[in-house]
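Structure file upload35.cif (mmCIF, C-alpha atoms) follows.
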```cif
data_run
#
loop_
_atom_site.label_atom_id
_atom_site.label_comp_id
_atom_site.auth_asym_id
_atom_site.auth_seq_id
_atom_site.Cartn_x
_atom_site.Cartn_y
_atom_site.Cartn_z
CA MET U 106 0.00 0.00 0.00
CA GLU U 107 1.69 3.19 -1.22
CA ASN U 108 -1.04 5.62 -0.14
CA ARG U 109 -3.65 5.29 2.59
CA LEU U 110 -6.41 5.90 0.04
CA GLU U 111 -5.62 2.39 -1.19
CA LEU U 112 -6.86 0.91 2.11
CA PRO U 113 -10.28 -0.19 0.74
CA ASN U 114 -8.49 -2.19 -1.97
CA LEU U 115 -6.18 -3.80 0.57
CA LEU U 116 -9.12 -4.78 2.77
CA SER U 117 -10.82 -6.42 -0.18
CA GLN U 118 -7.63 -8.23 -1.22
CA LEU U 119 -7.36 -9.67 2.29
CA SER U 120 -11.06 -10.67 2.25
CA LEU U 121 -11.78 -8.36 5.18
CA LYS U 122 -15.42 -7.35 4.66
CA THR U 123 -17.07 -7.04 8.06
CA LYS U 124 -16.24 -4.06 10.30
CA GLY U 125 -13.46 -1.72 11.33
CA VAL U 126 -12.80 1.21 13.64
CA GLU U 127 -11.17 4.59 13.09
CA VAL U 128 -9.91 5.98 16.40
CA GLY U 129 -9.73 9.74 15.95
CA SER U 130 -11.93 10.87 13.05
CA PHE U 131 -12.22 14.68 13.22
CA LYS U 132 -14.29 15.54 10.11
CA GLY U 133 -14.67 11.93 9.00
CA GLU U 134 -13.14 12.50 5.57
CA PHE U 135 -10.96 9.40 5.59
CA ALA U 136 -13.76 7.25 7.01
CA ALA U 137 -16.04 8.53 4.25
CA HIS U 138 -13.47 7.47 1.66
CA ILE U 139 -13.31 4.00 3.18
CA ILE U 140 -17.06 3.47 3.39
CA ARG U 141 -17.61 4.63 -0.20
CA ASN U 142 -15.12 2.09 -1.47
CA TRP U 143 -15.60 -0.87 0.87
CA SER U 144 -18.57 -3.06 1.72
CA GLY U 145 -18.17 -3.39 5.49
CA LYS U 146 -19.20 -1.25 8.45
CA ILE U 147 -17.03 1.41 10.06
CA TYR U 148 -17.21 2.94 13.53
CA LEU U 149 -15.80 6.43 13.99
CA VAL U 150 -14.49 7.11 17.51
CA ASP U 151 -13.80 10.68 18.61
CA ILE U 152 -14.65 12.89 21.57
CA TRP U 153 -15.47 15.79 19.21
CA ARG U 154 -14.69 18.39 21.83
CA PRO U 155 -11.56 20.38 22.70
CA MET U 156 -9.39 19.14 25.54
CA ASN U 157 -7.33 21.19 27.98
CA GLU U 158 -3.91 22.02 26.57
CA ASP U 159 -2.19 20.18 29.40
CA GLU U 160 -4.14 17.08 28.34
CA TYR U 161 -3.46 17.39 24.62
CA ASN U 162 -1.21 20.08 23.15
CA ASP U 163 -1.81 19.63 19.44
CA ALA U 164 -2.98 21.71 16.49
CA THR U 165 -5.99 19.42 16.04
CA ASN U 166 -7.13 20.20 19.60
CA ASN U 167 -9.16 23.29 18.82
CA LYS U 168 -12.51 24.96 19.32
CA TYR U 169 -13.93 23.75 16.01
CA HIS U 170 -14.75 20.21 17.08
CA ILE U 171 -18.49 20.89 17.13
CA ASP U 172 -18.23 22.08 13.53
CA ALA U 173 -16.22 18.94 12.77
CA TYR U 174 -18.98 16.80 14.26
CA SER U 175 -21.45 18.37 11.87
CA SER U 176 -19.02 17.80 9.00
CA VAL U 177 -18.89 14.09 9.81
CA ILE U 178 -22.67 13.84 9.55
CA GLU U 179 -22.52 15.53 6.16
CA ASN U 180 -19.59 13.44 4.93
CA LEU U 181 -21.32 10.19 5.87
CA LYS U 182 -24.68 11.13 4.37
CA GLY U 183 -26.14 8.16 2.56
CA TYR U 184 -24.06 5.65 4.51
CA GLU U 185 -25.81 5.87 7.87
CA ASP U 186 -26.56 2.15 7.80
CA ARG U 187 -22.84 1.28 7.60
CA ALA U 188 -21.04 4.19 9.31
CA PHE U 189 -21.56 4.89 13.01
CA MET U 190 -20.28 7.72 15.21
CA LEU U 191 -19.19 6.94 18.78
CA ARG U 192 -18.61 10.14 20.74
CA MET U 193 -16.26 8.89 23.45
CA THR U 194 -12.61 8.21 24.17
CA GLY U 195 -10.80 5.38 22.46
CA ASN U 196 -10.48 3.50 25.73
CA GLU U 197 -14.23 3.74 26.40
CA ALA U 198 -15.08 2.68 22.86
CA SER U 199 -12.72 -0.31 22.91
CA LYS U 200 -14.85 -1.86 25.65
CA LEU U 201 -17.79 -2.06 23.24
CA PHE U 202 -16.03 -4.50 20.91
CA SER U 203 -15.19 -8.14 21.52
CA ASP U 204 -11.62 -9.35 21.17
CA GLU U 205 -10.76 -10.66 17.71
CA SER U 206 -13.88 -9.03 16.23
CA LEU U 207 -12.53 -6.30 13.92
CA ASP U 208 -11.15 -6.46 10.39
CA PHE U 209 -9.04 -3.38 11.10
CA VAL U 210 -8.34 -0.55 13.47
CA TYR U 211 -6.93 2.77 12.26
CA ILE U 212 -5.40 4.84 15.08
CA ASP U 213 -5.27 8.59 14.47
CA ALA U 214 -6.14 10.22 17.80
CA ASN U 215 -3.76 11.74 20.38
CA HIS U 216 -0.30 11.63 18.76
CA THR U 217 1.83 11.44 21.90
CA TYR U 218 3.98 8.42 22.65
CA GLU U 219 2.00 7.55 25.77
CA ALA U 220 -1.38 7.90 24.06
CA VAL U 221 -0.39 5.77 21.06
CA LYS U 222 0.93 3.08 23.41
CA ASP U 223 -2.40 3.13 25.25
CA ASP U 224 -4.38 2.93 22.00
CA LEU U 225 -2.32 -0.05 20.84
CA LYS U 226 -2.89 -1.76 24.17
CA ASP U 227 -6.66 -1.14 23.98
CA TRP U 228 -7.23 -1.96 20.30
CA TYR U 229 -4.68 -4.55 19.19
CA ARG U 230 -6.57 -7.41 20.83
CA LYS U 231 -9.83 -6.29 19.19
CA VAL U 232 -8.48 -7.07 15.70
CA LYS U 233 -8.87 -10.60 14.34
CA SER U 234 -5.95 -12.69 13.15
CA GLY U 235 -5.30 -11.70 9.56
CA GLY U 236 -6.76 -8.23 10.17
CA LEU U 237 -4.98 -4.88 9.87
CA VAL U 238 -3.55 -2.86 12.76
CA MET U 239 -2.68 0.58 11.47
CA GLY U 240 -2.57 4.30 12.06
CA HIS U 241 -1.56 7.74 10.83
CA ASP U 242 1.31 10.22 11.29
CA TYR U 243 4.27 7.82 11.19
CA LEU U 244 6.71 10.67 10.67
CA PRO U 245 10.21 10.32 9.17
CA ASP U 246 13.15 9.41 11.37
CA TYR U 247 14.74 12.85 11.18
CA PHE U 248 12.04 14.31 13.43
CA TYR U 249 13.35 12.14 16.24
CA GLU U 250 17.10 12.27 15.61
CA GLY U 251 19.09 13.56 18.55
CA LYS U 252 16.07 13.67 20.83
CA GLU U 253 16.19 12.08 24.27
CA GLU U 254 12.44 12.04 24.83
CA LYS U 255 10.11 9.79 22.85
CA ASN U 256 7.30 12.33 22.98
CA GLN U 257 8.58 15.14 20.74
CA ALA U 258 7.38 18.51 19.57
CA VAL U 259 7.65 18.48 15.78
CA TYR U 260 6.87 20.90 13.02
CA THR U 261 5.08 19.00 10.32
CA TYR U 262 4.24 21.64 7.74
CA PRO U 263 5.36 22.95 5.45
CA ASP U 264 8.04 20.27 5.34
CA GLY U 265 11.52 21.60 4.64
CA LYS U 266 10.64 25.26 5.27
CA PRO U 267 11.41 25.90 8.96
CA GLU U 268 10.92 29.65 8.57
CA LEU U 269 7.26 29.01 7.75
CA ALA U 270 6.70 26.03 10.02
CA LYS U 271 3.78 25.92 12.42
CA PHE U 272 3.62 24.01 15.67
CA SER U 273 1.68 20.82 15.09
CA GLY U 274 1.96 19.06 18.41
CA PHE U 275 3.81 16.50 20.48
CA PHE U 276 4.32 13.43 18.32
CA GLY U 277 5.54 10.05 19.50
CA VAL U 278 3.74 7.83 17.01
CA LYS U 279 6.80 6.24 15.41
CA PRO U 280 8.61 5.38 18.66
CA ALA U 281 5.45 3.88 20.17
CA VAL U 282 4.61 1.83 17.08
CA ASP U 283 8.19 0.65 16.55
CA GLU U 284 8.46 -0.39 20.18
CA PHE U 285 5.18 -2.32 20.03
CA ALA U 286 6.16 -4.00 16.77
CA SER U 287 9.56 -5.04 18.11
CA GLU U 288 8.06 -6.48 21.29
CA ASN U 289 5.46 -8.48 19.34
CA GLY U 290 7.52 -9.64 16.37
CA TYR U 291 6.13 -7.40 13.62
CA THR U 292 7.75 -5.51 10.76
CA VAL U 293 6.11 -2.11 10.29
CA ASN U 294 4.94 -1.24 6.78
CA LYS U 295 4.57 2.43 5.82
CA THR U 296 2.93 4.32 2.99
CA ASN U 297 5.00 6.81 1.00
CA GLU U 298 3.13 9.90 2.18
CA PHE U 299 4.89 12.44 4.39
CA LEU U 300 2.28 11.96 7.11
CA GLY U 301 2.58 8.25 6.55
CA THR U 302 0.27 5.45 7.51
CA TRP U 303 1.90 2.58 9.41
CA TRP U 304 0.40 -0.90 9.26
CA PHE U 305 0.91 -4.61 9.80
CA ILE U 306 -1.21 -7.73 9.52
CA LYS U 307 -2.06 -9.26 12.86
CA LYS U 308 -0.76 -12.79 13.40
#
```

Translate the structure described by the file into structure tokens.
Amino acid sequence: MENRLELPNLLSQLSLKTKGVEVGSFKGEFAAHIIRNWSGKIYLVDIWRPMNEDEYNDATNNKYHIDAYSSVIENLKGYEDRAFMLRMTGNEASKLFSDESLDFVYIDANHTYEAVKDDLKDWYRKVKSGGLVMGHDYLPDYFYEGKEEKNQAVYTYPDGKPELAKFSGFFGVKPAVDEFASENGYTVNKTNEFLGTWWFIKK
């Protein structure tokens, strides 16, 4: 998979046709792409409200979450029988699904090292053997080079133009995913996008 927009094709190739979860949906644009090009059901998990900055210091943590909630409804119009919105934390939502019940989980919520580790802990066991465990914002190695902490402030855009860069947030996606993969015997695959999607097939 070179681009995350190819996910529906990959799901079909792997005969995964039942249900999946996107943890962190914001406006639901990616979920809408999936549901338009795949025959299963998708559950969108998001709190759709701003958090305190000390809880989540990130550019996506803003006052427009209510507008984003409305955007999801619009983006999923016509697919209400196969796309469902769960307004809660990832941890709360994970308790609604049986272990080994999901075709895939796509993690794109809080980007910090600790939060991604927690999401992997909560959701990995919910995916069936042969299903996809995946997520967004697997940033290039150079964002972490020379850093002692795994939870780093990075400037994601515009790439290569530090004089124009804007604070995006504290990212620890790659260290958390790599650590989990190493501990559980997986090789991490990555799409070729700058804000890459990481993924592996669950054993």

- Message: List as a ChimeraX atom specification the protein and nucleic acid residues near stretch 212-225 of chain U, meaning an atom at most 7 Å away when all atoms listed in the file are counted, but skip any in the same chain fewer than 5 places from it.
- Response: /U:127-129,195,239-241,255-256,275-278,280-281

- Item | Residues in the PyMOL selection byres ((chain U and resi 306) around 12), expressed as a count of residues only | 28

- Message: If we count only C-alpha atoms and set the cut-off at 10 Å, which residues sit around U:Ala188, ignoring sequence neighbours fewer than 2 positions away in its own chain? Please answer as a PyMOL selection string.
- Response: chain U and resi 124-126+136-137+139-140+145-149+178+181-186+190

- Task: Record the distance separating atom CA of U:Gly133 and atom CA of U:Met106, expressed in Å with one decimal.
- Result: 20.9 Å

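The interatomic distance for the pair atom CA of U:Thr296 and atom CA of U:Trp143 works out to 19.4 Å.
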
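Taking atom CA of U:Asn196 as the reference point, atom CA of U:Asp227 is found at 6.3 Å.
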